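Chemist: Provided below: entry-v9.txt, containing compact mmCIF, C-alpha atoms.
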```txt
# COMPACT_ATOMS: atom_id res chain seq x y z
CA MET A 4 -51.24 -114.96 131.98
CA ALA A 5 -47.98 -115.64 130.20
CA LEU A 6 -47.43 -119.02 131.83
CA SER A 7 -48.76 -121.13 134.65
CA GLY A 8 -47.23 -124.45 135.56
CA ALA A 9 -45.79 -126.69 138.24
CA CYS A 10 -42.06 -126.74 138.86
CA LYS A 11 -41.04 -130.05 140.43
CA ASN A 12 -41.01 -129.56 144.22
CA ARG A 13 -41.10 -125.78 144.06
CA GLY A 14 -44.86 -125.36 143.82
CA GLU A 15 -47.00 -123.68 141.20
CA VAL A 16 -45.48 -120.82 139.23
CA ARG A 17 -47.71 -118.16 137.66
CA ILE A 18 -45.98 -115.67 135.36
CA HIS A 19 -47.95 -112.56 134.40
CA GLU A 20 -47.70 -110.18 131.46
CA SER A 21 -48.27 -107.08 133.61
CA LEU A 22 -48.60 -105.92 137.21
CA ASP A 23 -52.28 -105.28 136.58
CA GLU A 24 -52.80 -108.88 135.48
CA LEU A 25 -50.82 -110.12 138.48
CA SER A 26 -52.91 -108.00 140.86
CA THR A 27 -56.15 -109.38 139.42
CA ASP A 28 -54.96 -112.98 139.64
CA LEU A 29 -53.75 -112.41 143.21
CA ALA A 30 -57.11 -110.92 144.23
CA ASP A 31 -58.95 -113.88 142.67
CA TYR A 32 -56.64 -116.31 144.47
CA ILE A 33 -57.05 -114.66 147.88
CA ALA A 34 -60.83 -114.32 147.48
CA GLU A 35 -61.17 -118.01 146.55
CA LEU A 36 -59.09 -119.14 149.54
CA SER A 37 -61.09 -116.84 151.82
CA GLU A 38 -64.38 -118.31 150.60
CA ALA A 39 -63.14 -121.89 150.98
CA SER A 40 -61.73 -121.28 154.46
CA VAL A 41 -64.86 -119.51 155.73
CA LYS A 42 -66.98 -122.37 154.37
CA GLU A 43 -64.76 -124.99 156.05
CA ARG A 44 -63.73 -123.28 159.31
CA GLY A 45 -65.90 -120.19 159.67
CA VAL A 46 -62.84 -117.89 159.63
CA PHE A 47 -59.93 -116.90 157.37
CA ALA A 48 -56.58 -116.40 159.11
CA ILE A 49 -54.19 -114.56 156.80
CA ALA A 50 -50.64 -113.31 157.47
CA LEU A 51 -49.22 -110.41 155.46
CA SER A 52 -45.73 -109.09 154.80
CA GLY A 53 -44.51 -105.62 153.89
CA GLY A 54 -42.86 -104.16 150.82
CA SER A 55 -44.79 -103.92 147.58
CA LEU A 56 -47.13 -106.77 148.51
CA VAL A 57 -49.97 -104.67 149.93
CA GLY A 58 -50.00 -102.46 146.83
CA LEU A 59 -50.37 -105.56 144.67
CA MET A 60 -53.40 -106.58 146.80
CA ARG A 61 -55.17 -103.32 146.00
CA LYS A 62 -57.77 -104.92 143.70
CA LEU A 63 -59.39 -106.46 146.79
CA CYS A 64 -60.61 -102.96 147.69
CA ASP A 65 -62.59 -102.73 144.44
CA ALA A 66 -65.64 -104.44 142.99
CA PRO A 67 -66.50 -107.24 143.09
CA TYR A 68 -64.24 -108.27 145.96
CA ASN A 69 -65.16 -105.43 148.33
CA LYS A 70 -68.72 -106.78 148.36
CA THR A 71 -68.27 -110.53 147.78
CA VAL A 72 -65.48 -111.27 150.28
CA ASP A 73 -66.73 -112.04 153.82
CA TRP A 74 -64.46 -109.48 155.47
CA ALA A 75 -65.99 -109.96 158.92
CA LYS A 76 -64.49 -113.47 159.01
CA TRP A 77 -60.93 -112.31 158.28
CA TYR A 78 -58.27 -112.38 161.00
CA ILE A 79 -55.13 -110.46 160.03
CA PHE A 80 -51.57 -111.22 161.15
CA TRP A 81 -48.09 -110.24 159.98
CA ALA A 82 -45.44 -112.75 158.92
CA ASP A 83 -42.91 -110.11 159.88
CA GLU A 84 -42.93 -106.60 161.22
CA ARG A 85 -40.47 -103.80 161.77
CA VAL A 86 -40.23 -102.86 165.46
CA VAL A 87 -41.25 -99.24 165.02
CA ALA A 88 -44.29 -97.20 166.00
CA LYS A 89 -47.49 -98.13 164.15
CA THR A 90 -47.54 -94.61 162.71
CA HIS A 91 -43.97 -94.90 161.36
CA ALA A 92 -43.46 -95.00 157.59
CA ASP A 93 -41.53 -98.29 157.95
CA SER A 94 -44.39 -100.07 159.76
CA ASN A 95 -45.87 -102.98 157.83
CA TYR A 96 -49.05 -102.44 159.85
CA LYS A 97 -49.30 -98.83 158.64
CA LEU A 98 -48.66 -99.95 155.07
CA ALA A 99 -51.48 -102.51 155.25
CA LYS A 100 -53.84 -100.20 157.12
CA ASP A 101 -53.41 -97.34 154.66
CA GLY A 102 -53.45 -99.54 151.54
CA LEU A 103 -56.06 -102.17 152.40
CA LEU A 104 -57.46 -102.55 155.90
CA SER A 105 -58.97 -99.05 156.10
CA LYS A 106 -60.73 -99.54 152.76
CA VAL A 107 -62.64 -102.76 153.53
CA PRO A 108 -64.98 -103.66 156.45
CA ILE A 109 -62.56 -105.76 158.51
CA ILE A 110 -63.42 -105.92 162.24
CA PRO A 111 -60.71 -103.95 164.11
CA SER A 112 -60.40 -106.53 166.90
CA HIS A 113 -59.54 -109.15 164.28
CA VAL A 114 -56.38 -107.24 163.30
CA HIS A 115 -53.46 -108.59 165.33
CA SER A 116 -50.44 -106.31 165.05
CA ILE A 117 -47.41 -106.33 167.36
CA ASN A 118 -47.15 -104.28 170.53
CA ASP A 119 -45.00 -101.39 169.31
CA SER A 120 -44.09 -100.22 172.83
CA MET A 121 -41.90 -103.27 173.48
CA THR A 122 -38.37 -104.29 172.57
CA ALA A 123 -37.96 -106.63 169.61
CA GLU A 124 -37.50 -109.65 171.89
CA GLU A 125 -40.51 -108.75 174.04
CA ALA A 126 -42.65 -108.03 170.98
CA ALA A 127 -41.79 -111.43 169.46
CA ASP A 128 -42.68 -113.26 172.70
CA ASP A 129 -45.90 -111.29 173.07
CA TYR A 130 -46.93 -111.91 169.45
CA GLU A 131 -46.33 -115.64 169.82
CA PHE A 132 -48.47 -115.63 172.99
CA VAL A 133 -51.31 -113.92 171.10
CA ILE A 134 -51.12 -116.52 168.32
CA ARG A 135 -51.04 -119.38 170.84
CA GLN A 136 -54.27 -118.12 172.41
CA LEU A 137 -55.93 -117.97 168.99
CA VAL A 138 -54.73 -121.51 168.19
CA LYS A 139 -56.40 -122.69 171.40
CA THR A 140 -59.71 -121.25 170.24
CA ARG A 141 -59.10 -122.51 166.67
CA VAL A 142 -59.25 -119.06 165.11
CA VAL A 143 -55.91 -120.26 163.76
CA SER A 144 -55.73 -123.98 162.96
CA VAL A 145 -52.97 -126.24 164.21
CA SER A 146 -50.73 -128.38 162.04
CA GLU A 147 -51.45 -132.11 161.96
CA ILE A 148 -47.75 -132.94 161.94
CA SER A 149 -46.28 -130.41 164.37
CA ASP A 150 -47.50 -128.11 167.11
CA CYS A 151 -47.18 -125.11 164.78
CA PRO A 152 -50.06 -122.82 163.86
CA LYS A 153 -51.56 -123.57 160.46
CA PHE A 154 -52.51 -120.26 158.85
CA ASP A 155 -54.98 -120.42 156.00
CA LEU A 156 -52.69 -118.19 153.92
CA ILE A 157 -49.28 -116.62 154.42
CA LEU A 158 -48.41 -113.98 151.83
CA LEU A 159 -44.72 -113.25 151.34
CA GLY A 160 -42.66 -110.90 149.24
CA MET A 161 -39.02 -111.57 148.42
CA GLY A 162 -35.98 -109.31 148.41
CA PRO A 163 -33.20 -109.23 145.77
CA ASP A 164 -31.10 -111.24 148.24
CA GLY A 165 -33.79 -113.95 148.40
CA HIS A 166 -35.03 -113.08 151.89
CA VAL A 167 -38.65 -113.71 152.84
CA ALA A 168 -40.42 -112.28 155.90
CA SER A 169 -37.40 -111.12 157.94
CA LEU A 170 -35.44 -114.30 157.31
CA PHE A 171 -32.23 -113.07 155.74
CA PRO A 172 -29.46 -115.11 154.07
CA ASN A 173 -26.94 -116.75 156.40
CA HIS A 174 -28.78 -115.52 159.52
CA SER A 175 -29.07 -117.74 162.58
CA VAL A 176 -32.87 -117.34 162.67
CA LEU A 177 -33.07 -119.63 159.62
CA ASN A 178 -32.20 -122.47 162.00
CA GLU A 179 -34.84 -121.62 164.62
CA ARG A 180 -37.10 -124.64 165.12
CA ASP A 181 -38.67 -124.14 168.56
CA GLU A 182 -40.11 -120.64 168.47
CA TRP A 183 -43.09 -119.62 166.34
CA VAL A 184 -42.09 -115.96 166.31
CA THR A 185 -38.53 -114.76 166.73
CA PHE A 186 -36.70 -111.45 166.48
CA ILE A 187 -33.63 -109.92 164.94
CA THR A 188 -31.76 -106.74 165.84
CA ASP A 189 -29.34 -106.73 162.90
CA SER A 190 -31.45 -106.69 159.75
CA SER A 191 -29.28 -106.22 156.67
CA LYS A 192 -31.76 -103.59 155.49
CA PRO A 193 -33.15 -100.92 157.81
CA PRO A 194 -34.81 -100.74 160.24
CA PRO A 195 -32.59 -103.25 162.07
CA GLU A 196 -35.08 -104.53 164.69
CA ARG A 197 -37.81 -106.87 163.45
CA ILE A 198 -40.00 -109.77 164.49
CA THR A 199 -40.62 -112.63 162.08
CA PHE A 200 -42.41 -115.93 161.72
CA THR A 201 -39.93 -118.81 161.70
CA LEU A 202 -39.60 -121.27 158.83
CA PRO A 203 -41.55 -124.04 160.66
CA VAL A 204 -44.56 -121.71 160.95
CA ILE A 205 -44.35 -120.60 157.32
CA ASN A 206 -44.04 -124.21 156.18
CA SER A 207 -47.01 -125.31 158.30
CA ALA A 208 -49.47 -123.02 156.49
CA SER A 209 -52.29 -124.40 154.37
CA ASN A 210 -51.28 -122.02 151.59
CA VAL A 211 -48.18 -119.89 150.99
CA ALA A 212 -47.94 -117.36 148.17
CA VAL A 213 -44.67 -115.64 147.27
CA VAL A 214 -45.25 -112.49 145.22
CA VAL A 215 -42.22 -111.12 143.34
CA THR A 216 -41.92 -108.36 140.75
CA GLY A 217 -39.07 -106.59 138.97
CA ASP A 218 -35.88 -107.63 137.20
CA SER A 219 -33.74 -106.81 140.25
CA LYS A 220 -35.10 -110.01 141.80
CA ALA A 221 -34.74 -112.26 138.74
CA GLU A 222 -31.54 -113.93 139.93
CA ALA A 223 -33.02 -114.63 143.38
CA VAL A 224 -36.14 -116.09 141.74
CA HIS A 225 -33.91 -118.35 139.62
CA LEU A 226 -32.00 -119.56 142.70
CA ALA A 227 -35.22 -120.06 144.67
CA ILE A 228 -37.18 -122.02 142.05
CA ASP A 229 -34.90 -123.62 139.46
CA ASP A 230 -33.07 -126.90 139.90
CA VAL A 231 -29.69 -125.23 140.30
CA GLY A 232 -27.72 -128.08 141.85
CA PRO A 233 -26.21 -128.56 145.31
CA ASP A 234 -23.28 -126.19 144.81
CA SER A 235 -25.37 -123.06 144.27
CA LEU A 236 -26.41 -120.61 146.93
CA SER A 237 -29.72 -121.49 148.54
CA PRO A 238 -31.62 -118.31 149.45
CA PRO A 239 -34.16 -118.30 152.29
CA ALA A 240 -36.99 -118.25 149.73
CA ARG A 241 -35.92 -121.71 148.57
CA MET A 242 -36.51 -122.96 152.13
CA VAL A 243 -40.20 -122.13 151.81
CA GLN A 244 -41.53 -125.65 151.30
CA PRO A 245 -44.95 -126.19 152.89
CA MET A 246 -45.10 -129.64 154.46
CA LYS A 247 -48.73 -130.33 153.62
CA GLY A 248 -49.83 -127.02 152.14
CA LYS A 249 -49.72 -125.48 148.67
CA LEU A 250 -47.07 -123.05 147.43
CA VAL A 251 -47.80 -120.60 144.61
CA TRP A 252 -45.36 -118.09 143.09
CA PHE A 253 -46.87 -114.94 141.57
CA LEU A 254 -44.28 -113.38 139.24
CA ASP A 255 -44.22 -110.69 136.60
CA LYS A 256 -42.18 -111.29 133.46
CA PRO A 257 -39.08 -109.31 134.58
CA ALA A 258 -38.90 -111.27 137.86
CA ALA A 259 -39.27 -114.55 135.92
CA SER A 260 -36.77 -113.62 133.19
CA LYS A 261 -34.00 -115.96 134.41
CA LEU A 262 -36.16 -119.01 135.08
CA ASP A 263 -35.52 -122.26 133.24
CA ARG A 264 -38.91 -122.72 131.58
CA SER A 265 -37.99 -126.23 130.46
CA GLN A 266 -38.48 -127.42 134.04
CA PHE A 267 -42.15 -126.44 134.05
CA SER A 268 -44.97 -128.87 133.52
CA GLU A 269 -48.19 -127.24 132.35
```
As a first step, turn the structure in this file into structure tokens.

Modeler:
Amino acid sequence: MALSGACKNRGEVRIHESLDELSTDLADYIAELSEASVKERGVFAIALSGGSLVGLMRKLCDAPYNKTVDWAKWYIFWADERVVAKTHADSNYKLAKDGLLSKVPIIPSHVHSINDSMTAEEAADDYEFVIRQLVKTRVVSVSEISDCPKFDLILLGMGPDGHVASLFPNHSVLNERDEWVTFITDSSKPPPERITFTLPVINSASNVAVVVTGDSKAEAVHLAIDDVGPDSLSPPARMVQPMKGKLVWFLDKPAASKLDRSQFSE
């Protein structure tokens, strides 16, 4: 690892020499959280995103993780999803199923994807209802300081514009405080209709990991992590600030190339 350190209030930052090194560290991190959560709660509730994230999780399909992880205790959710058919190339569910879920022994009934026959608004309401039922049975924990669900881990990617999940810059959903799951019909990148966890849900998680690679995202990483002052743009990724949980950034060197390393404490 090129560098690992804390960055004031922005969590732990891990910068990796290569994508292969990042993938190994990410697999170790997820496997350790899974083991700790299963030991403490008997289950591991994890929410995924789309993009390149699932590909970077690929090491979990290989030894030793495919045998050592207690896959039967995993419950899978999505922090955001495109409102398309589950067989569509844009579906985050399809991406995760093809790249991970079909390669490890996860129990199918533990995989909670959206109802793809509904409108975006209906799908968001339905998905929140599903999560509320699982909070009642404590498959998903509940936050001690709000009524929000407390996922064991939420994994997020980040776009070049600094968006996370489907929370885009300057969008009204960034201000949503009452709903757990909301929807948009005007995504700035296609497809336009999506459901997404709201910021209160993301910030109620026990652990949040933001995984970012590539130099096209270096400026957004800088704005999200560095102490850039009050006059700079604040991308949605900067609003990821777990209230009682831990935040870890997994970066490759190109994505981290504009960071101010002097702000890090080892």

Chemist: If you count all atoms listed in the file, which residues fall within 10 Å of Leu56 (chain A), apart from same-chain ones fewer than 2 positions away, as an mmCIF file with C-alpha atoms, in the coordinates of the input?

Modeler:
```cif
data_model
loop_
_atom_site.group_PDB
_atom_site.id
_atom_site.type_symbol
_atom_site.label_atom_id
_atom_site.label_comp_id
_atom_site.auth_asym_id
_atom_site.auth_seq_id
_atom_site.Cartn_x
_atom_site.Cartn_y
_atom_site.Cartn_z
ATOM 1 C CA SER A 26 -52.910 -108.000 140.860
ATOM 2 C CA LEU A 51 -49.220 -110.410 155.460
ATOM 3 C CA SER A 52 -45.730 -109.090 154.800
ATOM 4 C CA GLY A 53 -44.510 -105.620 153.890
ATOM 5 C CA GLY A 54 -42.860 -104.160 150.820
ATOM 6 C CA GLY A 58 -50.000 -102.460 146.830
ATOM 7 C CA LEU A 59 -50.370 -105.560 144.670
ATOM 8 C CA MET A 60 -53.400 -106.580 146.800
ATOM 9 C CA ARG A 61 -55.170 -103.320 146.000
ATOM 10 C CA LEU A 98 -48.660 -99.950 155.070
ATOM 11 C CA ALA A 99 -51.480 -102.510 155.250
ATOM 12 C CA LEU A 158 -48.410 -113.980 151.830
ATOM 13 C CA LEU A 159 -44.720 -113.250 151.340
ATOM 14 C CA GLY A 160 -42.660 -110.900 149.240
ATOM 15 C CA MET A 161 -39.020 -111.570 148.420
ATOM 16 C CA VAL A 213 -44.670 -115.640 147.270
ATOM 17 C CA VAL A 214 -45.250 -112.490 145.220
ATOM 18 C CA VAL A 215 -42.220 -111.120 143.340
ATOM 19 C CA THR A 216 -41.920 -108.360 140.750
#
```

Chemist: How close does each residue of region 8-98 of chain A get to region 131-155 of chain A, giving the shortest atom pair and distance in Å to one decimal for every residue with an atom at most 10 Å away, counting all atoms listed in the file, sorted by chain and residue number, as a Markdown table?

Modeler:
```
| residue | atom | partner | partner_atom | distance |
| --- | --- | --- | --- | --- |
| A:Leu36 | CA | A:Asp155 | CA | 7.8 |
| A:Ser37 | CA | A:Asp155 | CA | 8.2 |
| A:Ala39 | CA | A:Asp155 | CA | 9.7 |
| A:Ser40 | CA | A:Asp155 | CA | 7.0 |
| A:Val41 | CA | A:Asp155 | CA | 9.9 |
| A:Arg44 | CA | A:Val142 | CA | 8.5 |
| A:Gly45 | CA | A:Val142 | CA | 8.7 |
| A:Val46 | CA | A:Val142 | CA | 6.7 |
| A:Phe47 | CA | A:Asp155 | CA | 6.2 |
| A:Ala48 | CA | A:Asp155 | CA | 5.3 |
| A:Ile49 | CA | A:Asp155 | CA | 6.0 |
| A:Ala50 | CA | A:Phe154 | CA | 7.3 |
| A:Lys76 | CA | A:Val142 | CA | 9.8 |
| A:Trp77 | CA | A:Val142 | CA | 9.7 |
| A:Tyr78 | CA | A:Val142 | CA | 7.9 |
| A:Phe80 | CA | A:Ile134 | CA | 8.9 |
```

Chemist: What does the distance between CA of Pro238 (chain A) and CA of Glu124 (chain A) come to in Å, to one decimal place?

Modeler: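 Computed distance, CA of Pro238 (chain A) to CA of Glu124 (chain A), equals 24.8 Å.
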
Chemist: Taking into account only C-alpha atoms, which residue in the set A:Lys192, A:Glu38, A:Ala66, A:Ile157 is nearest to Lys249 (chain A)?

Modeler: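 Going through A:Lys192, A:Glu38, A:Ala66, A:Ile157 one by one, the smallest distance to Lys249 (chain A) is for A:Ile157.
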
Chemist: Find the residue from A:Asn173, A:Asp230, A:Ala212, A:Lys89 that sits nearest to Ser120 (chain A); use all atoms listed in the file when measuring.

Modeler: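 Among A:Asn173, A:Asp230, A:Ala212, A:Lys89, it is A:Lys89 that comes nearest to Ser120 (chain A).
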
Chemist: Adding 4 Å on each side of the box along x, y and z that holds all listed atoms of region 176-186 of chain A, could you give its centre and edge lengths in Å to one decimal, as lines of an AutoDock Vina configuration file?

Modeler:
```
center_x = -37.6
center_y = -118.0
center_z = 164.1
size_x = 18.9
size_y = 21.2
size_z = 16.9
```

Chemist: Kindly indicate which residue among A:Ala75, A:Val224, A:Leu63, A:Lys42 lies nearest to Asp28 (chain A), using all atoms listed in the file for the distances.

Modeler: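 Counting all atoms listed in the file, the residue closest to Asp28 (chain A) is A:Leu63.
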
Chemist: Can you pull out every residue within 9 Å of Leu177 (chain A), counting all atoms listed in the file, but drop anything in the same chain fewer than 5 positions away, and send it as an MDAnalysis selection string?

Modeler: chainID A and resid 170:172 201:202 239 242

Chemist: Nearest residue to Ser169 (chain A) out of A:Ala258, A:Leu104, A:Ala82, A:Met121, using all atoms listed in the file?

Modeler: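 Checking each of A:Ala258, A:Leu104, A:Ala82, A:Met121 against Ser169 (chain A), counting all atoms listed in the file, the winner is A:Ala82.
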
Chemist: Which residue gives the smallest distance to Asp255 (chain A) among A:Leu22, A:Val16, A:Val107, A:Ala208, with only C-alpha atoms counted?

Modeler: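 Nearest candidate to Asp255 (chain A) out of A:Leu22, A:Val16, A:Val107, A:Ala208: A:Leu22.
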
Chemist: Using all atoms listed in the file, which residue out of A:Ala227, A:Gly248, A:Leu236, A:Val211 lies closest to Leu156 (chain A)?

Modeler: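 Looking only at the distances to Leu156 (chain A), the closest residue turns out to be A:Val211.
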
Chemist: Report, in Å with one decimal, the straight-line distance from CA of Thr199 (chain A) to CA of Ala88 (chain A).

Modeler: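 So the answer is 16.3 Å.
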
Chemist: Please identify all polymer residues within 7 Å of Ala123 (chain A), counting all atoms listed in the file, omitting same-chain residues fewer than 2 positions from it, and present them as a ChimeraX atom specification.

Modeler: /A:86,121,125-127,186,196-198

Chemist: Could you pull the residues within 9 Å of Ile228 (chain A), counting all atoms listed in the file, minus those fewer than 5 positions along the same chain, as a ChimeraX atom specification?

Modeler: /A:10,12-14,16,223,240-241,262-263

Chemist: Could you jot down the CA of Ile187 (chain A) to CA of Leu226 (chain A) separation for me, Å, one decimal place?

Modeler: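 Interatomic distance, CA of Ile187 (chain A) to CA of Leu226 (chain A): 24.3 Å.
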
Chemist: The residues within 10 Å of (-60.5, -101.4, 151.8), using only C-alpha atoms and the coordinates of the file, should be reported as a PyMOL selection string; which are they?

Modeler: chain A and resi 61-65+68-69+74+99-109
